[in-house]
file upload_29.cif (mmCIF, C-alpha atoms)
data_target
loop_
_atom_site.group_PDB
_atom_site.id
_atom_site.type_symbol
_atom_site.label_atom_id
_atom_site.label_comp_id
_atom_site.auth_asym_id
_atom_site.auth_seq_id
_atom_site.Cartn_x
_atom_site.Cartn_y
_atom_site.Cartn_z
ATOM 1 C CA MET A 1 23.204 37.021 -37.636
ATOM 2 C CA ALA A 2 22.533 33.741 -35.812
ATOM 3 C CA ARG A 3 20.658 33.973 -32.530
ATOM 4 C CA THR A 4 22.366 32.785 -29.357
ATOM 5 C CA ASP A 5 21.285 29.521 -27.737
ATOM 6 C CA ALA A 6 19.489 29.777 -24.437
ATOM 7 C CA LEU A 7 21.066 27.977 -21.484
ATOM 8 C CA SER A 8 17.960 26.574 -19.819
ATOM 9 C CA ILE A 9 15.012 27.118 -22.197
ATOM 10 C CA ASN A 10 14.455 24.311 -24.705
ATOM 11 C CA ILE A 11 12.032 23.873 -27.573
ATOM 12 C CA ASP A 12 12.186 20.090 -27.109
ATOM 13 C CA ALA A 13 14.093 17.639 -24.923
ATOM 14 C CA ASN A 14 17.361 18.102 -26.783
ATOM 15 C CA THR A 15 17.250 21.456 -28.561
ATOM 16 C CA ALA A 16 17.945 24.811 -26.929
ATOM 17 C CA ASP A 17 15.708 27.724 -27.803
ATOM 18 C CA LYS A 18 17.208 30.892 -29.246
ATOM 19 C CA LEU A 19 17.536 34.070 -27.224
ATOM 20 C CA ALA A 20 15.485 36.870 -28.696
ATOM 21 C CA GLU A 21 17.083 40.039 -29.973
ATOM 22 C CA ILE A 22 13.683 41.700 -29.615
ATOM 23 C CA GLN A 23 10.709 39.586 -28.593
ATOM 24 C CA GLY A 24 7.565 41.488 -27.853
ATOM 25 C CA PHE A 25 5.119 38.914 -26.475
ATOM 26 C CA VAL A 26 4.603 35.337 -25.408
ATOM 27 C CA ILE A 27 1.696 33.052 -26.251
ATOM 28 C CA GLU A 28 0.782 31.469 -22.929
ATOM 29 C CA ALA A 29 0.162 27.755 -22.515
ATOM 30 C CA ILE A 30 -3.577 27.156 -22.720
ATOM 31 C CA GLN A 31 -5.406 24.679 -20.530
ATOM 32 C CA LYS A 32 -8.827 24.062 -19.111
ATOM 33 C CA GLY A 33 -9.749 24.896 -15.538
ATOM 34 C CA ALA A 34 -10.515 22.337 -12.848
ATOM 35 C CA VAL A 35 -13.950 20.724 -12.708
ATOM 36 C CA SER A 36 -13.032 19.092 -9.391
ATOM 37 C CA GLU A 37 -12.920 22.505 -7.682
ATOM 38 C CA LYS A 38 -16.671 22.766 -8.305
ATOM 39 C CA MET A 39 -17.446 19.255 -7.051
ATOM 40 C CA LYS A 40 -15.140 18.470 -4.123
ATOM 41 C CA ASN A 41 -16.037 18.388 -0.447
ATOM 42 C CA THR A 42 -14.800 21.365 1.568
ATOM 43 C CA GLU A 43 -16.826 20.719 4.750
ATOM 44 C CA TYR A 44 -13.956 19.335 6.813
ATOM 45 C CA SER A 45 -12.668 20.012 10.286
ATOM 46 C CA GLY A 46 -9.010 20.423 11.141
ATOM 47 C CA ASP A 47 -6.105 22.231 9.519
ATOM 48 C CA PRO A 48 -4.703 20.652 6.319
ATOM 49 C CA THR A 49 -1.222 21.917 7.224
ATOM 50 C CA THR A 50 -1.200 19.519 10.191
ATOM 51 C CA GLY A 51 -1.287 16.572 7.790
ATOM 52 C CA SER A 52 -4.919 15.424 7.904
ATOM 53 C CA VAL A 53 -8.543 16.567 8.105
ATOM 54 C CA GLU A 54 -11.776 14.846 9.161
ATOM 55 C CA ILE A 55 -15.194 14.874 7.543
ATOM 56 C CA ASP A 56 -18.173 13.752 9.622
ATOM 57 C CA ARG A 57 -21.111 11.747 8.323
ATOM 58 C CA PHE A 58 -23.953 11.093 10.730
ATOM 59 C CA LYS A 59 -26.320 8.150 10.531
ATOM 60 C CA ASN A 60 -29.979 8.911 9.808
ATOM 61 C CA ALA A 61 -32.293 9.352 12.795
ATOM 62 C CA GLN A 62 -34.476 6.376 13.679
ATOM 63 C CA VAL A 63 -38.263 6.628 13.931
ATOM 64 C CA ASP A 64 -39.749 4.738 16.916
ATOM 65 C CA ASP A 65 -43.201 4.404 18.466
ATOM 66 C CA TYR A 66 -44.173 7.076 20.975
ATOM 67 C CA GLY A 67 -42.885 6.247 24.460
ATOM 68 C CA THR A 68 -39.841 4.217 23.308
ATOM 69 C CA ALA A 69 -37.321 6.709 24.729
ATOM 70 C CA ARG A 70 -39.239 7.084 28.024
ATOM 71 C CA ALA A 71 -39.351 3.319 28.482
ATOM 72 C CA ALA A 72 -35.618 3.038 27.749
ATOM 73 C CA GLY A 73 -34.787 6.018 29.950
ATOM 74 C CA ALA A 74 -32.775 7.686 27.154
ATOM 75 C CA GLY A 75 -32.929 8.772 23.566
ATOM 76 C CA LYS A 76 -30.901 7.248 20.765
ATOM 77 C CA LYS A 77 -27.249 8.248 20.503
ATOM 78 C CA ILE A 78 -26.282 10.269 17.446
ATOM 79 C CA LEU A 79 -23.976 7.975 15.511
ATOM 80 C CA ASN A 80 -21.092 9.435 13.490
ATOM 81 C CA THR A 81 -20.628 6.127 11.682
ATOM 82 C CA GLY A 82 -19.381 7.619 8.432
ATOM 83 C CA LYS A 83 -16.445 9.679 9.756
ATOM 84 C CA VAL A 84 -13.652 9.902 7.164
ATOM 85 C CA THR A 85 -10.048 10.964 7.774
ATOM 86 C CA ILE A 86 -8.146 12.315 4.780
ATOM 87 C CA ASN A 87 -4.370 12.240 5.113
ATOM 88 C CA ILE A 88 -2.544 14.882 3.080
ATOM 89 C CA ASN A 89 0.262 12.510 2.161
ATOM 90 C CA GLU A 90 0.620 12.811 -1.609
ATOM 91 C CA ASP A 91 3.640 15.081 -2.046
ATOM 92 C CA LYS A 92 4.204 16.652 -5.473
ATOM 93 C CA GLU A 93 6.639 19.047 -7.070
ATOM 94 C CA ILE A 94 7.202 21.065 -10.220
ATOM 95 C CA VAL A 95 10.869 22.060 -10.415
ATOM 96 C CA GLU A 96 12.304 24.224 -13.188
ATOM 97 C CA GLU A 97 15.653 25.948 -13.453
ATOM 98 C CA ILE A 98 16.215 29.199 -15.317
ATOM 99 C CA ALA A 99 19.567 30.771 -16.136
ATOM 100 C CA LYS A 100 19.822 34.448 -15.241
ATOM 101 C CA LYS A 101 21.194 35.111 -18.718
ATOM 102 C CA ASP A 102 18.021 33.690 -20.225
ATOM 103 C CA VAL A 103 15.842 35.867 -18.018
ATOM 104 C CA LYS A 104 17.780 38.954 -19.092
ATOM 105 C CA LEU A 105 18.158 38.203 -22.796
ATOM 106 C CA TYR A 106 15.120 36.137 -23.739
ATOM 107 C CA GLY A 107 13.131 39.324 -23.977
ATOM 108 C CA ILE A 108 10.653 38.483 -21.239
ATOM 109 C CA ALA A 109 11.306 40.417 -18.076
ATOM 110 C CA SER A 110 8.558 38.626 -16.170
ATOM 111 C CA ILE A 111 9.397 35.055 -17.198
ATOM 112 C CA MET A 112 9.517 33.904 -13.565
ATOM 113 C CA ASP A 113 6.002 35.203 -12.958
ATOM 114 C CA LYS A 114 4.768 33.536 -16.129
ATOM 115 C CA ARG A 115 6.276 30.191 -15.092
ATOM 116 C CA LYS A 116 4.702 30.560 -11.658
ATOM 117 C CA LYS A 117 1.262 30.993 -13.239
ATOM 118 C CA ASN A 118 1.777 28.039 -15.559
ATOM 119 C CA GLN A 119 2.947 25.817 -12.699
ATOM 120 C CA ALA A 120 -0.181 26.708 -10.741
ATOM 121 C CA LEU A 121 -2.322 25.685 -13.707
ATOM 122 C CA ARG A 122 -0.445 22.398 -14.015
ATOM 123 C CA MET A 123 -1.048 21.754 -10.319
ATOM 124 C CA ILE A 124 -4.766 22.319 -10.899
ATOM 125 C CA ALA A 125 -4.726 19.832 -13.802
ATOM 126 C CA ASP A 126 -2.977 17.267 -11.595
ATOM 127 C CA LEU A 127 -5.554 17.735 -8.819
ATOM 128 C CA ASP A 128 -8.379 17.345 -11.324
ATOM 129 C CA THR A 129 -6.989 14.098 -12.754
ATOM 130 C CA ARG A 130 -6.381 12.637 -9.297
ATOM 131 C CA PHE A 131 -9.865 13.620 -8.100
ATOM 132 C CA PHE A 132 -11.715 11.800 -10.870
ATOM 133 C CA ALA A 133 -9.453 8.763 -10.625
ATOM 134 C CA GLN A 134 -10.549 8.464 -6.980
ATOM 135 C CA MET A 135 -14.203 8.622 -7.978
ATOM 136 C CA VAL A 136 -13.683 5.641 -10.258
ATOM 137 C CA THR A 137 -11.663 3.753 -7.624
ATOM 138 C CA ASP A 138 -14.332 4.090 -4.925
ATOM 139 C CA GLY A 139 -17.540 4.448 -6.902
ATOM 140 C CA THR A 140 -19.892 1.802 -8.300
ATOM 141 C CA GLU A 141 -19.855 0.959 -11.996
ATOM 142 C CA ILE A 142 -23.126 0.882 -13.900
ATOM 143 C CA THR A 143 -22.818 -1.705 -16.667
ATOM 144 C CA GLY A 144 -24.823 -2.605 -19.716
ATOM 145 C CA LEU A 145 -25.168 0.888 -21.193
ATOM 146 C CA THR A 146 -24.967 0.812 -24.988
ATOM 147 C CA THR A 147 -25.594 3.099 -27.926
ATOM 148 C CA ALA A 148 -28.708 1.036 -28.658
ATOM 149 C CA THR A 149 -30.359 3.074 -25.886
ATOM 150 C CA PRO A 150 -30.746 6.845 -26.355
ATOM 151 C CA LEU A 151 -27.983 8.745 -24.558
ATOM 152 C CA VAL A 152 -30.445 10.831 -22.524
ATOM 153 C CA ASP A 153 -32.061 7.648 -21.222
ATOM 154 C CA ASN A 154 -28.669 6.231 -20.220
ATOM 155 C CA LEU A 155 -27.860 9.372 -18.244
ATOM 156 C CA GLU A 156 -31.265 9.425 -16.635
ATOM 157 C CA SER A 157 -30.816 5.854 -15.394
ATOM 158 C CA ILE A 158 -27.470 6.748 -13.794
ATOM 159 C CA ILE A 159 -28.962 9.839 -12.149
ATOM 160 C CA GLN A 160 -31.786 7.747 -10.733
ATOM 161 C CA SER A 161 -29.339 5.178 -9.328
ATOM 162 C CA VAL A 162 -27.872 7.956 -7.150
ATOM 163 C CA GLU A 163 -31.218 9.659 -6.528
ATOM 164 C CA THR A 164 -32.859 6.501 -5.122
ATOM 165 C CA THR A 165 -29.990 5.360 -2.860
ATOM 166 C CA GLN A 166 -31.107 4.183 0.592
ATOM 167 C CA ASN A 167 -28.830 3.139 3.446
ATOM 168 C CA ASP A 168 -27.870 4.169 7.003
ATOM 169 C CA TRP A 169 -26.953 7.705 5.896
ATOM 170 C CA VAL A 170 -29.176 8.320 2.885
ATOM 171 C CA ASP A 171 -32.871 8.087 2.107
ATOM 172 C CA GLY A 172 -32.909 9.371 -1.419
ATOM 173 C CA VAL A 173 -31.050 12.395 -2.816
ATOM 174 C CA ASP A 174 -32.536 15.611 -4.210
ATOM 175 C CA ARG A 175 -31.479 16.223 -7.782
ATOM 176 C CA GLU A 176 -30.148 19.661 -6.934
ATOM 177 C CA MET A 177 -27.475 17.890 -4.863
ATOM 178 C CA ILE A 178 -26.362 15.616 -7.734
ATOM 179 C CA GLU A 179 -23.684 16.433 -10.331
ATOM 180 C CA ILE A 180 -22.579 14.743 -13.559
ATOM 181 C CA SER A 181 -19.287 15.066 -15.381
ATOM 182 C CA VAL A 182 -19.015 13.613 -18.867
ATOM 183 C CA LYS A 183 -16.366 13.396 -21.548
ATOM 184 C CA PRO A 184 -16.553 16.225 -24.115
ATOM 185 C CA ALA A 185 -17.876 13.902 -26.840
ATOM 186 C CA ILE A 186 -20.823 12.955 -24.613
ATOM 187 C CA TYR A 187 -21.390 16.575 -23.609
ATOM 188 C CA GLY A 188 -21.513 17.628 -27.259
ATOM 189 C CA LYS A 189 -24.273 15.131 -27.985
ATOM 190 C CA LEU A 190 -26.335 16.477 -25.103
ATOM 191 C CA LEU A 191 -26.281 20.157 -26.038
ATOM 192 C CA ASN A 192 -29.902 20.155 -27.171
ATOM 193 C CA TYR A 193 -30.929 18.823 -23.749
ATOM 194 C CA ILE A 194 -28.815 21.120 -21.568
ATOM 195 C CA ASP A 195 -30.277 24.253 -20.024
ATOM 196 C CA SER A 196 -28.194 27.149 -18.726
ATOM 197 C CA VAL A 197 -29.694 28.565 -15.560
ATOM 198 C CA PRO A 198 -28.365 31.237 -13.182
ATOM 199 C CA ASN A 199 -27.010 30.048 -9.834
ATOM 200 C CA PRO A 200 -29.245 31.610 -7.139
ATOM 201 C CA ILE A 201 -26.197 32.381 -4.977
ATOM 202 C CA SER A 202 -23.439 33.442 -7.369
ATOM 203 C CA GLY A 203 -25.649 34.600 -10.242
ATOM 204 C CA LEU A 204 -23.351 32.776 -12.690
ATOM 205 C CA LYS A 205 -24.930 30.503 -15.259
ATOM 206 C CA GLU A 206 -24.637 26.743 -14.751
ATOM 207 C CA ASP A 207 -25.415 23.931 -17.178
ATOM 208 C CA VAL A 208 -28.187 21.601 -16.052
ATOM 209 C CA PHE A 209 -29.439 18.293 -17.479
ATOM 210 C CA HIS A 210 -32.765 16.976 -16.122
ATOM 211 C CA GLY A 211 -32.354 19.096 -12.992
ATOM 212 C CA VAL A 212 -28.746 17.971 -12.371
ATOM 213 C CA LYS A 213 -25.591 20.088 -12.815
ATOM 214 C CA ILE A 214 -23.485 18.790 -15.690
ATOM 215 C CA TYR A 215 -19.847 19.466 -16.615
ATOM 216 C CA SER A 216 -17.711 18.692 -19.659
ATOM 217 C CA ASN A 217 -14.493 17.094 -18.415
ATOM 218 C CA HIS A 218 -11.545 15.788 -20.458
ATOM 219 C CA ARG A 219 -9.595 14.585 -17.398
ATOM 220 C CA GLN A 220 -11.703 11.549 -16.533
ATOM 221 C CA THR A 221 -11.255 8.020 -17.823
ATOM 222 C CA LYS A 222 -14.938 7.027 -17.846
ATOM 223 C CA ASP A 223 -17.619 8.388 -20.148
ATOM 224 C CA ILE A 224 -19.947 9.398 -17.298
ATOM 225 C CA ILE A 225 -19.422 10.049 -13.596
ATOM 226 C CA CYS A 226 -22.430 10.907 -11.443
ATOM 227 C CA ALA A 227 -22.279 11.713 -7.730
ATOM 228 C CA ILE A 228 -23.656 13.823 -4.926
ATOM 229 C CA HIS A 229 -21.837 17.119 -4.471
ATOM 230 C CA GLY A 230 -18.921 16.637 -2.075
ATOM 231 C CA ALA A 231 -18.642 12.882 -2.562
ATOM 232 C CA VAL A 232 -14.829 13.204 -2.648
ATOM 233 C CA GLY A 233 -12.608 15.377 -0.493
ATOM 234 C CA GLN A 234 -9.252 16.738 -1.652
ATOM 235 C CA PRO A 235 -7.557 19.156 0.765
ATOM 236 C CA VAL A 236 -4.350 20.708 -0.563
ATOM 237 C CA THR A 237 -1.434 22.547 1.016
ATOM 238 C CA VAL A 238 0.934 24.648 -1.104
ATOM 239 C CA ASP A 239 4.377 25.824 -0.019
ATOM 240 C CA ASP A 240 5.167 29.504 -0.409
ATOM 241 C CA TYR A 241 6.637 30.287 -3.803
ATOM 242 C CA GLU A 242 10.046 31.913 -3.349
ATOM 243 C CA PRO A 243 12.389 31.878 -6.383
ATOM 244 C CA GLU A 244 15.965 31.503 -5.157
ATOM 245 C CA LYS A 245 19.388 31.588 -6.723
ATOM 246 C CA ILE A 246 20.923 28.134 -6.957
ATOM 247 C CA GLN A 247 24.116 27.853 -4.940
ATOM 248 C CA LEU A 248 27.410 28.212 -6.847
ATOM 249 C CA SER A 249 25.655 29.078 -10.112
ATOM 250 C CA ASN A 250 24.028 31.928 -11.979
ATOM 251 C CA ASN A 251 20.761 30.014 -12.263
ATOM 252 C CA TYR A 252 17.498 30.498 -10.436
ATOM 253 C CA ASP A 253 15.150 27.916 -9.006
ATOM 254 C CA CYS A 254 11.537 28.229 -10.211
ATOM 255 C CA SER A 255 9.621 25.570 -8.314
ATOM 256 C CA LEU A 256 6.256 24.695 -6.854
ATOM 257 C CA PHE A 257 5.821 22.144 -4.057
ATOM 258 C CA TYR A 258 2.424 20.999 -2.827
ATOM 259 C CA SER A 259 0.755 18.119 -0.999
ATOM 260 C CA ARG A 260 -2.685 16.679 -1.577
ATOM 261 C CA GLY A 261 -4.929 14.116 0.026
ATOM 262 C CA THR A 262 -7.739 12.517 -1.958
ATOM 263 C CA LYS A 263 -10.428 10.234 -0.542
ATOM 264 C CA ALA A 264 -14.074 9.383 -1.135
ATOM 265 C CA VAL A 265 -16.326 10.685 1.639
ATOM 266 C CA MET A 266 -19.549 9.207 0.253
ATOM 267 C CA PRO A 267 -18.539 6.302 -2.017
ATOM 268 C CA ASP A 268 -22.106 4.943 -1.879
ATOM 269 C CA LEU A 269 -23.218 8.014 -3.835
ATOM 270 C CA ILE A 270 -20.776 7.749 -6.740
ATOM 271 C CA ARG A 271 -21.654 5.997 -10.009
ATOM 272 C CA TYR A 272 -19.683 5.773 -13.240
ATOM 273 C CA ALA A 273 -20.166 4.137 -16.622
ATOM 274 C CA ASP A 274 -18.884 3.736 -20.143
ATOM 275 C CA ILE A 275 -21.275 3.547 -23.060
ATOM 276 C CA ALA A 276 -20.346 0.656 -25.319
ATOM 277 C CA GLU A 277 -21.223 0.194 -28.944
ATOM 278 C CA ALA A 278 -24.281 -2.031 -29.346
ATOM 279 C CA GLN A 279 -23.359 -5.504 -30.562
ATOM 280 C CA ASN A 280 -24.896 -6.750 -33.782
ATOM 281 C CA ASN A 281 -25.379 -10.476 -33.384
ATOM 282 C CA GLY A 282 -27.682 -10.657 -36.341
#

call {"tool": "encode", "arguments": {"input": "upload_29.cif", "output": "structure tokens"}}
result
Amino acid sequence: MARTDALSINIDANTADKLAEIQGFVIEAIQKGAVSEKMKNTEYSGDPTTGSVEIDRFKNAQVDDYGTARAAGAGKKILNTGKVTININEDKEIVEEIAKKDVKLYGIASIMDKRKKNQALRMIADLDTRFFAQMVTDGTEITGLTTATPLVDNLESIIQSVETTQNDWVDGVDREMIEISVKPAIYGKLLNYIDSVPNPISGLKEDVFHGVKIYSNHRQTKDIICAIHGAVGQPVTVDDYEPEKIQLSNNYDCSLFYSRGTKAVMPDLIRYADIAEAQNNG
């Protein structure tokens, strides 16, 4: 006996899936978690639901000769010269429609809950992709890296470019504050150089390369991205998830709406690079 076509569940853009007579389980969509959640800045003031947040960045204190403040009659003002405002103005949606008949006959009583979980994962993937795109937009590219130089030496040079940064806000960066994300192919080549050490706070193991946290990330466009922790902020607001029946139909809305804002807070402490094949001019 032929199985009945579903009304709103397709196996591709043009072909309806078949309703199950008895279907005991579903293989969930599989996807990787967000690396950006481990790296983004969360030290902001304000309420994201109001539409924006602020992140302060104070200028380094100045060292003067003894008596300078007394002669001037006042100390130096504390300068918040790096203040960054992040507007939560990137509105996104995931909208799906499910026929009540499909929910009843597809053999999956909790299909709405399963779609909700999948939509949340897709939101996380979107946030991840947007986060690393911003790092490339606002960071500084390190050029001239080739496969003629050992990979570990290339990474070490990028780490040092962040570590030795000096400007109004920074006078060098401790390695424990620096993080690297690399494409999986790069990560695989580094396995012999990566140590797994327990986080002193959470107790969970973290991967470390030359004293710097390292992550394998397939959602970045550059081979290597190196930055201080919190270099990019990405506050997010998510609307309450309330499946509703669509007016004048027997279908249900299964949707997720959220807004994000993404901005570099410390662009001077972001580096990225691709590793090119060495040229043979011989």

call {"tool": "closest_residue", "arguments": {"input": "upload_29.cif", "among": "A:Thr49, A:Thr237, A:Thr221, A:Ser196", "to": "Phe257 of chain A", "atoms": "all atoms listed in the file"}}
result
A:Thr237

call {"tool": "residues_around", "arguments": {"input": "upload_29.cif", "residues": "segment 37-45 of chain A", "least_positions_apart": "5", "cutoff": "6 Å", "atoms": "only C-alpha atoms", "output": "list in words"}}
result
Val53, Glu54, Ile55, His229, Gly230, Val232 and Gly233 of chain A

call {"tool": "atom_distance", "arguments": {"input": "upload_29.cif", "atom1": "atom CA of Asn87 of chain A", "atom2": "atom CA of Gly139 of chain A"}}
result
19.5 Å

call {"tool": "closest_atom_pairs", "arguments": {"input": "upload_29.cif", "of": "segment 179-278 of chain A", "to": "segment 112-127 of chain A", "cutoff": "12 Å", "atoms": "all atoms listed in the file", "output": "Markdown table"}}
result
| residue | atom | partner | partner_atom | distance |
| --- | --- | --- | --- | --- |
| A:Asn217 | CA | A:Ala125 | CA | 11.1 |
| A:His218 | CA | A:Ala125 | CA | 10.4 |
| A:Arg219 | CA | A:Ala125 | CA | 8.0 |
| A:Gln220 | CA | A:Ala125 | CA | 11.2 |
| A:Gly233 | CA | A:Leu127 | CA | 11.2 |
| A:Gln234 | CA | A:Leu127 | CA | 8.1 |
| A:Pro235 | CA | A:Leu127 | CA | 9.9 |
| A:Val236 | CA | A:Leu127 | CA | 8.9 |
| A:Thr237 | CA | A:Met123 | CA | 11.4 |
| A:Val238 | CA | A:Met123 | CA | 9.9 |
| A:Asp239 | CA | A:Ala120 | CA | 11.7 |
| A:Asp240 | CA | A:Lys116 | CA | 11.3 |
| A:Tyr241 | CA | A:Lys116 | CA | 8.1 |
| A:Glu242 | CA | A:Lys116 | CA | 10.0 |
| A:Pro243 | CA | A:Met112 | CA | 8.0 |
| A:Glu244 | CA | A:Met112 | CA | 10.9 |
| A:Asn251 | CA | A:Met112 | CA | 12.0 |
| A:Tyr252 | CA | A:Met112 | CA | 9.2 |
| A:Asp253 | CA | A:Met112 | CA | 9.4 |
| A:Cys254 | CA | A:Met112 | CA | 6.9 |
| A:Ser255 | CA | A:Lys116 | CA | 7.8 |
| A:Leu256 | CA | A:Gln119 | CA | 6.8 |
| A:Phe257 | CA | A:Met123 | CA | 9.3 |
| A:Tyr258 | CA | A:Met123 | CA | 8.3 |
| A:Ser259 | CA | A:Leu127 | CA | 10.1 |
| A:Arg260 | CA | A:Leu127 | CA | 7.9 |
| A:Gly261 | CA | A:Leu127 | CA | 9.6 |
| A:Thr262 | CA | A:Leu127 | CA | 8.9 |

call {"tool": "residues_around", "arguments": {"input": "upload_29.cif", "residues": "segment 140-154 of chain A", "least_positions_apart": "6", "cutoff": "7 Å", "atoms": "only C-alpha atoms", "output": "ChimeraX atom specification"}}
result
/A:270-278

call {"tool": "resolve_selection", "arguments": {"input": "upload_29.cif", "expression": "the PyMOL selection byres ((chain A and resi 212) around 12)", "output": "number ranges by chain"}}
result
A: 155-156, 158-160, 162-163, 173-181, 193-197, 206-211, 213-215, 226-229

call {"tool": "residues_around", "arguments": {"input": "upload_29.cif", "residues": "Asp56 of chain A", "least_positions_apart": "6", "cutoff": "10 Å", "atoms": "all atoms listed in the file", "output": "VMD selection string"}}
result
chain A and resid 43 to 45 80 to 85 265
